[in-house]
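Before any comments, here is the structure.
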2 protein chains.
Amino acid sequence: MNCLSDLSGVFANAVRAKIRGESSDHLDLGYLYVPACTACSVFGTRNHFRSSSVTVSLEHASKAIPKVLIVNSGNSNAVTGKGGEENTRKIISLAANVFNVSDIEVLNASTGIIGVPLPMHKIQSSFPSLTENIRLSRGDLLQKAILTTDLVEKFAYSVKSVRNKDIIAAGIAKGSGMIAPNMGTMFAFIVINFPIKKNVLDSMMKEIVDTTFNMMSVDTDTSTSDMVVVFANGDGEKERDIDSDEHDACRQVLEDVCVSLSTQIAKDGEGASKLLTVHVKGSKTIDDARRIAKAVSDSPLVKTAVHGADPNWGRVLMAIGKQPEVIVVPECVSVSFGSYAVFQYGEPVSFDRELLRQYLSESEVVIHIDLGAGSESAVSYGCDLTKGYIDINTCYN
Amino acid sequence: MNCLSDLSGVFANAVRAKIRGESSDHLDLGYLYVPACTACSVFGTRNHFRSSSVTVSLEHASKAIPKVLIVNSGNSNAVTGKGGEENTRKIISLAANVFNVSDIEVLNASTGIIGVPLPMHKIQSSFPSLTENIRLSRGDLLQKAILTTDLVEKFAYSVKSVRNKDIIAAGIAKGSGMIAPNMGTMFAFIVINFPIKKNVLDSMMKEIVDTTFNMMSVDTDTSTSDMVVVFANGDGEKERDIDSDEHDACRQVLEDVCVSLSTQIAKDGEGASKLLTVHVKGSKTIDDARRIAKAVSDSPLVKTAVHGADPNWGRVLMAIGKQPEVIVVPECVSVSFGSYAVFQYGEPVSFDRELLRQYLSESEVVIHIDLGAGSESAVSYGCDLTKGYIDINTCYN
């Protein structure tokens, strides 16, 4: 499997609408079409200034089972005032007409610059070529069209067999900066080839989003426009109850895809040269474990030390301890980088500086933290902080 | 006035103890001595891994009126285990002996690398030359000795006359990275020439620290070792009640000094090229105003845009909205950079892009936010994010 449209009954396409400007040859307008969709879960950013594409999509997903997603990159249609919402609804009407569904069966997603009106004439004039054939299998183009500052495409799939039926989840994602999701920012569009009911899909995905996309951060900033959409694709079969084997398999393949996409996004963080994952265990509560894992992978001083392969472990302790409201008992805490212990039960441990420096030079660094206070755990996904991030963001506009 | 020891009855000195290594010629060990001190307030970092210098100093300030502060830079003596606390107590005993006071009348402050044992032999062998004369007026050396990655010295003073007596507060500070104080991280050592009582000084400073040092952030990371110390210097006069004119004057000069030192620290943030202050008004609660002001000045995307003089105001809205638990009504919000309005009552406003770019190129940028929801306000002090920050922090060790 190489793209979403390799799943049976899933269609996609993308074109160049020149949303970034006349000289741009970036694919920037696409559709994802799942005609036999039995359930659709949408998670939108919780930023108060969220794009009308998010609010309208959430509204539609609460009223119907959406089957079409229209997505553009280059402009997020966020904080564009009342005109912004009118534009979202115009795009949706346009699509509803072409795909022969009602407006509430269409979702819209937009990503890119904030506060600039969408160039509607470009979107309208590109719509006929985008939708000339609504059953194309160009998921390969769609996964390119959603990218902004991303350097690599993000695709993942996972398969589990239950009684000789392959349950497959596949997803694409974008996201590189302004990544500290809350209820799932960035884009991830996922399809599972199983006719799950909406309430089951919703509760399954709520848990998965909390431990994957919501535990990922490139720069602690939370986008105004991004969302996670999951389509359950009946492909002929009607929505139905699932038994516990099927439930476990569905949950597993969805989680696999979300972990993989989260890791791919963190690794491709703006300017990032390496993936940083932080594993916290021994916590009294899951919430504490999550907050500490994120505090460490979000700390600019930890991120720069990891970038420089500098075994400056004191910064990890600093970040563990910096939230006064999350109780930490220093004497119970142990920390290691990969398999190299640097701090045990509140005391520094001697280690081979050169070997640790080599480990920190690898493209994936794992920090293990044991709080020694309970049995809950969490994992966060982040990246290092480099001059590339500064380059990309000093003159984005 | 050029330094702390220009105040009558305030003594200071510093020497080179080579704490950073044999080749270092950095002043790194100093004393501040206020023999006629009538009250002393100490605010320590709330990081759970705080240095024993902080915990022992807080303990002493709760038991006595400290008169001596011994400070070193180059090593923070934080997360150094039980041996770290023994070293703090040894330094304090050494000083108590020389200054002829009891141990609990001595404070200790250490700043620099985390997790490395203090080179005690160097401190012990430099102590005689540091304290050969305990009534030196070398505040100029002390304000150099406390610096780490700072590029400039930080000194401030303020004077108010009450019935022909000049009430003067003067202070020095250090701090450049790992700056997101909570109860006053970084160092600020302040003297006021007035015999205020401890309970009055404590409550006055609690309010001031909350609106100055606690509203300043270079990088959202919170130091493990830093503190704010304020000595009330009777200089012969015993502690006494103050009337409302004197109270106002004392509060004003202390606040002036803390605002100035906070601004100086933010402006000299690691790698910073400009000061960024964020003024929030129209908030329902002070807490909301503070959280939003800090979210904006802490946002790496706002900081990099300011660095690049990029009028990418959408990022300011993104940062205002990114804390779901702080309620914001987009339709009520207005934003301007200096005097340039970019967003009013939920709608983008057209502005002269070139003029705004010029304004953003200045060395001090002010962002004004009106939430339109109440009458509370707050100000935060921050700086831009540059490649200099990455350079400094990838190989600190």
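Residue numbering restarts at 1 for every chain of the structure tokens, chains are lettered A, B, ... in their displayed order, and ligands are numbered from 1 as they appear.
Applying a distance limit of 6 Å to only C-alpha atoms, the residues of chain A near chain B read Arg46, Asn47, His48, Phe49, Gly81, Ile114, Gly115, Thr222, Thr304, Ala305, Gly308, Asp310, Gly314, Gly321, Lys322, Pro324, Glu347, Lys387, Asn393, Thr394 and Cys395 of chain A.
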Atoms to include: C-alpha atoms. Write the selected residues as a compact mmCIF listing (two decimals), in the first residue's frame.
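Dumped everything to part-v3.txt:
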# COMPACT_ATOMS: atom_id res chain seq x y z
CA ARG A 46 -9.30 23.72 20.42
CA ASN A 47 -7.64 27.05 19.59
CA HIS A 48 -10.25 29.78 20.16
CA PHE A 49 -9.38 31.36 16.82
CA GLY A 81 -13.76 37.12 10.03
CA ILE A 114 -3.49 32.78 9.01
CA GLY A 115 -5.57 35.91 8.53
CA THR A 222 -1.28 25.23 18.51
CA THR A 304 18.98 22.37 21.76
CA ALA A 305 21.11 20.03 23.92
CA GLY A 308 24.12 19.48 19.86
CA ASP A 310 25.37 17.53 24.48
CA GLY A 314 20.62 18.54 34.16
CA GLY A 321 10.66 19.87 37.84
CA LYS A 322 9.47 23.08 36.27
CA PRO A 324 5.18 23.41 40.48
CA GLU A 347 21.65 11.23 42.66
CA LYS A 387 18.67 27.07 13.20
CA ASN A 393 9.86 31.11 10.65
CA THR A 394 11.53 34.51 10.50
CA CYS A 395 10.13 35.21 7.05
For this session: Find the residues near Gly9 of chain B: any atom within 12 Å, counting only C-alpha atoms, skip ones fewer than 6 places away on the same chain, and give them as an MDAnalysis selection string.
Result: chainID B and resid 32:37 67 134:137 191:194 231:237
Residue subset to file, keeping N, CA, C and O atoms, as a compact mmCIF listing (two decimals), in the first residue's frame:
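File produced: result-v7.txt:
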# COMPACT_ATOMS: atom_id res chain seq x y z
N LEU B 32 27.71 40.04 49.15
CA LEU B 32 26.95 41.27 49.36
C LEU B 32 26.70 41.29 50.86
O LEU B 32 26.23 40.30 51.43
N TYR B 33 27.03 42.42 51.51
CA TYR B 33 26.99 42.47 52.98
C TYR B 33 26.24 43.73 53.39
O TYR B 33 26.61 44.84 53.01
N VAL B 34 25.15 43.54 54.11
CA VAL B 34 24.32 44.65 54.57
C VAL B 34 24.22 44.53 56.09
O VAL B 34 23.23 44.00 56.63
N PRO B 35 25.24 45.01 56.81
CA PRO B 35 25.29 44.75 58.27
C PRO B 35 24.10 45.29 59.03
O PRO B 35 23.69 44.70 60.04
N ALA B 36 23.51 46.42 58.58
CA ALA B 36 22.41 47.02 59.35
C ALA B 36 21.05 46.63 58.79
O ALA B 36 20.05 47.34 58.97
N CYS B 37 21.00 45.48 58.10
CA CYS B 37 19.74 45.02 57.49
C CYS B 37 18.65 44.83 58.55
O CYS B 37 18.89 44.22 59.59
N LYS B 67 22.15 38.90 56.64
CA LYS B 67 22.91 40.12 56.39
C LYS B 67 23.97 39.91 55.34
O LYS B 67 24.55 40.87 54.81
N ILE B 134 35.94 42.90 54.57
CA ILE B 134 34.51 42.59 54.40
C ILE B 134 33.68 43.87 54.22
O ILE B 134 32.46 43.82 54.12
N ARG B 135 34.34 45.03 54.16
CA ARG B 135 33.60 46.27 53.96
C ARG B 135 34.11 47.01 52.72
O ARG B 135 34.27 48.23 52.71
N LEU B 136 34.28 46.24 51.65
CA LEU B 136 34.69 46.86 50.38
C LEU B 136 33.47 47.40 49.64
O LEU B 136 32.35 46.96 49.88
N SER B 137 33.71 48.33 48.75
CA SER B 137 32.61 48.93 47.97
C SER B 137 32.74 48.53 46.50
O SER B 137 32.68 49.37 45.61
N VAL B 191 18.57 46.20 47.24
CA VAL B 191 18.66 46.81 48.57
C VAL B 191 17.81 48.07 48.56
O VAL B 191 17.82 48.83 47.59
N ILE B 192 17.06 48.30 49.63
CA ILE B 192 16.34 49.55 49.77
C ILE B 192 16.81 50.19 51.08
O ILE B 192 16.93 49.51 52.10
N ASN B 193 17.09 51.49 51.02
CA ASN B 193 17.70 52.15 52.20
C ASN B 193 16.63 52.63 53.19
O ASN B 193 16.52 53.81 53.51
N PHE B 194 15.84 51.70 53.63
CA PHE B 194 14.74 52.07 54.50
C PHE B 194 14.47 50.90 55.44
O PHE B 194 14.40 49.75 55.00
N PHE B 231 17.14 43.20 50.50
CA PHE B 231 17.56 43.61 51.83
C PHE B 231 17.00 45.00 52.12
O PHE B 231 17.14 45.92 51.30
N ALA B 232 16.36 45.18 53.28
CA ALA B 232 16.01 46.52 53.75
C ALA B 232 17.16 46.98 54.63
O ALA B 232 17.51 46.30 55.59
N ASN B 233 17.76 48.08 54.27
CA ASN B 233 18.98 48.52 54.94
C ASN B 233 18.69 49.67 55.90
O ASN B 233 18.48 50.80 55.49
N GLY B 234 18.67 49.37 57.21
CA GLY B 234 18.42 50.41 58.20
C GLY B 234 19.54 51.43 58.25
O GLY B 234 19.32 52.60 58.49
N ASP B 235 20.76 50.96 57.99
CA ASP B 235 21.93 51.83 58.06
C ASP B 235 21.92 52.66 59.36
O ASP B 235 22.05 53.89 59.35
N GLY B 236 21.75 51.98 60.47
CA GLY B 236 21.77 52.68 61.76
C GLY B 236 20.38 52.73 62.39
O GLY B 236 20.20 52.52 63.58
N GLU B 237 19.39 52.96 61.53
CA GLU B 237 18.02 53.07 62.04
C GLU B 237 17.42 51.67 62.25
O GLU B 237 17.62 50.78 61.42
Picked from segment 229-277 of chain A by DSSP as strand (DSSP E), as a JSON list (two decimals) with N, CA and C atoms, in the first residue's frame:
[["chain", "number", "residue", "atom", "x", "y", "z"],
["A", 229, "VAL", "N", -9.45, 13.54, 10.78],
["A", 229, "VAL", "CA", -10.71, 12.98, 10.26],
["A", 229, "VAL", "C", -10.51, 11.48, 10.03],
["A", 230, "VAL", "N", -11.42, 10.69, 10.53],
["A", 230, "VAL", "CA", -11.35, 9.25, 10.32],
["A", 230, "VAL", "C", -12.65, 8.78, 9.66],
["A", 231, "PHE", "N", -12.51, 8.16, 8.50],
["A", 231, "PHE", "CA", -13.67, 7.59, 7.81],
["A", 231, "PHE", "C", -13.69, 6.08, 8.03],
["A", 232, "ALA", "N", -14.83, 5.54, 8.45],
["A", 232, "ALA", "CA", -15.00, 4.08, 8.44],
["A", 232, "ALA", "C", -15.65, 3.73, 7.11],
["A", 233, "ASN", "N", -14.98, 2.89, 6.37],
["A", 233, "ASN", "CA", -15.41, 2.61, 4.99],
["A", 233, "ASN", "C", -16.09, 1.26, 4.89],
["A", 275, "LEU", "N", 14.41, 12.90, 15.80],
["A", 275, "LEU", "CA", 13.19, 12.62, 16.56],
["A", 275, "LEU", "C", 13.57, 12.48, 18.03],
["A", 276, "LEU", "N", 12.77, 13.08, 18.90],
["A", 276, "LEU", "CA", 13.00, 12.97, 20.35],
["A", 276, "LEU", "C", 11.74, 12.41, 20.98],
["A", 277, "THR", "N", 11.81, 11.19, 21.52],
["A", 277, "THR", "CA", 10.64, 10.69, 22.25],
["A", 277, "THR", "C", 10.99, 10.58, 23.72]]
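Between atom CA of Ile70 of chain B and atom CA of Ile92 of chain B the separation is 7.6 Å.
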Problem set entry | Long-range neighbours of segment 159-172 of chain A as JSON, numbers by chain, 7 Å cut-off, only C-alpha atoms, 6 positions minimum in chain | {"A": [4, 143, 188, 189, 190, 191, 192, 193, 194, 245, 246, 249, 250, 253, 254, 257]}
Problem set entry | One-decimal distance in Å that lies between atom CA of Ala12 of chain B and atom CA of Thr88 of chain B | 19.9 Å
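When the distance limit is 7 Å and only C-alpha atoms are what count, the residues near Lys197 of chain B, minus those fewer than 3 positions from it on the same chain, are Thr38, Ala39, Val200, Leu201, Glu239, Arg240 and Asp241 of chain B.
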Selected residues written out, all heavy atoms, as a short mmCIF file (atom, residue, chain, number, x, y, z; two decimals), in the first residue's frame:
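Output saved as again12.cif:
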data_model
loop_
_atom_site.label_atom_id
_atom_site.label_comp_id
_atom_site.auth_asym_id
_atom_site.auth_seq_id
_atom_site.Cartn_x
_atom_site.Cartn_y
_atom_site.Cartn_z
N THR B 38 17.46 45.36 58.27
CA THR B 38 16.36 45.21 59.23
C THR B 38 15.34 44.17 58.78
O THR B 38 14.52 43.71 59.56
CB THR B 38 15.61 46.54 59.42
OG1 THR B 38 15.11 46.98 58.16
CG2 THR B 38 16.53 47.61 59.99
N ALA B 39 15.35 43.84 57.48
CA ALA B 39 14.42 42.82 56.97
C ALA B 39 14.98 42.30 55.67
O ALA B 39 15.66 43.02 54.94
CB ALA B 39 13.03 43.42 56.73
N VAL B 200 5.95 43.65 56.01
CA VAL B 200 5.58 44.65 55.01
C VAL B 200 6.40 44.44 53.73
O VAL B 200 5.86 44.43 52.61
CB VAL B 200 5.82 46.09 55.55
CG1 VAL B 200 5.47 47.12 54.50
CG2 VAL B 200 5.02 46.30 56.82
N LEU B 201 7.70 44.22 53.90
CA LEU B 201 8.56 43.98 52.74
C LEU B 201 8.12 42.73 51.98
O LEU B 201 8.03 42.72 50.75
CB LEU B 201 10.02 43.85 53.21
CG LEU B 201 11.08 43.69 52.11
CD1 LEU B 201 11.16 44.95 51.24
CD2 LEU B 201 12.46 43.38 52.70
N GLU B 239 14.33 48.79 62.54
CA GLU B 239 13.10 48.57 61.77
C GLU B 239 11.95 49.33 62.44
O GLU B 239 11.89 49.44 63.66
CB GLU B 239 12.75 47.08 61.67
CG GLU B 239 12.37 46.42 62.98
CD GLU B 239 11.54 45.15 62.77
OE1 GLU B 239 11.59 44.58 61.68
OE2 GLU B 239 10.82 44.76 63.70
N ARG B 240 11.06 49.86 61.61
CA ARG B 240 9.96 50.63 62.20
C ARG B 240 8.74 50.61 61.28
O ARG B 240 8.83 50.27 60.10
CB ARG B 240 10.40 52.07 62.47
CG ARG B 240 10.77 52.88 61.23
CD ARG B 240 10.99 54.34 61.65
NE ARG B 240 11.49 55.17 60.56
CZ ARG B 240 10.74 55.75 59.63
NH1 ARG B 240 9.44 55.52 59.57
NH2 ARG B 240 11.29 56.52 58.69
N ASP B 241 7.59 50.98 61.83
CA ASP B 241 6.38 51.11 61.03
C ASP B 241 6.57 52.26 60.05
O ASP B 241 7.27 53.23 60.33
CB ASP B 241 5.18 51.41 61.93
CG ASP B 241 4.80 50.18 62.75
OD1 ASP B 241 4.95 49.06 62.22
OD2 ASP B 241 4.36 50.34 63.91
#
Seminar exercise, completed: Shortest contact to Asn199 of chain A, candidates A:Asn108, A:Thr263, A:Ser283, A:Ser41, atoms counted only C-alpha atoms, goes to A:Ser41
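Distance annotation: of A:Ser23, A:Thr212, A:Ser51, A:Ser297, the residue with the minimal separation from Gln264 of chain A is A:Thr212; atom set is only C-alpha atoms.
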Contacts of Thr211 of chain B at 8 Å (only C-alpha atoms; same-chain gap of 4+ positions) as a PDB file with N, CA, C and O atoms, in the first residue's frame:
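out39.pdb, freshly written:
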ATOM      1  N   GLU B 207       3.772  40.939  45.636  1.00  0.00           N
ATOM      2  CA  GLU B 207       3.003  41.555  44.544  1.00  0.00           C
ATOM      3  C   GLU B 207       3.904  41.977  43.389  1.00  0.00           C
ATOM      4  O   GLU B 207       3.567  41.782  42.217  1.00  0.00           O
ATOM      5  N   MET B 215       6.561  37.627  35.183  1.00  0.00           N
ATOM      6  CA  MET B 215       5.931  37.892  33.880  1.00  0.00           C
ATOM      7  C   MET B 215       6.982  38.005  32.781  1.00  0.00           C
ATOM      8  O   MET B 215       6.717  38.538  31.714  1.00  0.00           O
ATOM      9  N   ALA B 378      -2.433  43.037  32.158  1.00  0.00           N
ATOM     10  CA  ALA B 378      -1.130  42.473  32.528  1.00  0.00           C
ATOM     11  C   ALA B 378      -0.113  42.812  31.445  1.00  0.00           C
ATOM     12  O   ALA B 378      -0.485  43.113  30.303  1.00  0.00           O
ATOM     13  N   VAL B 379       1.150  42.771  31.815  1.00  0.00           N
ATOM     14  CA  VAL B 379       2.239  43.011  30.863  1.00  0.00           C
ATOM     15  C   VAL B 379       3.233  41.862  30.994  1.00  0.00           C
ATOM     16  O   VAL B 379       3.549  41.451  32.111  1.00  0.00           O
TER      17      VAL B 379
END
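The gap separating atom CA of Asp150 of chain A from atom CA of Glu86 of chain A is 28.7 Å, in Å to one decimal.
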For this session: From a DSSP pass on the backbone, collect the residues of segment 145-340 of chain A flagged as helix (DSSP H, G or I) and hand them back as a ChimeraX atom specification.
Result: /A:145,198-211,213-215,244-267,286-298,300-307,314-321,330-332
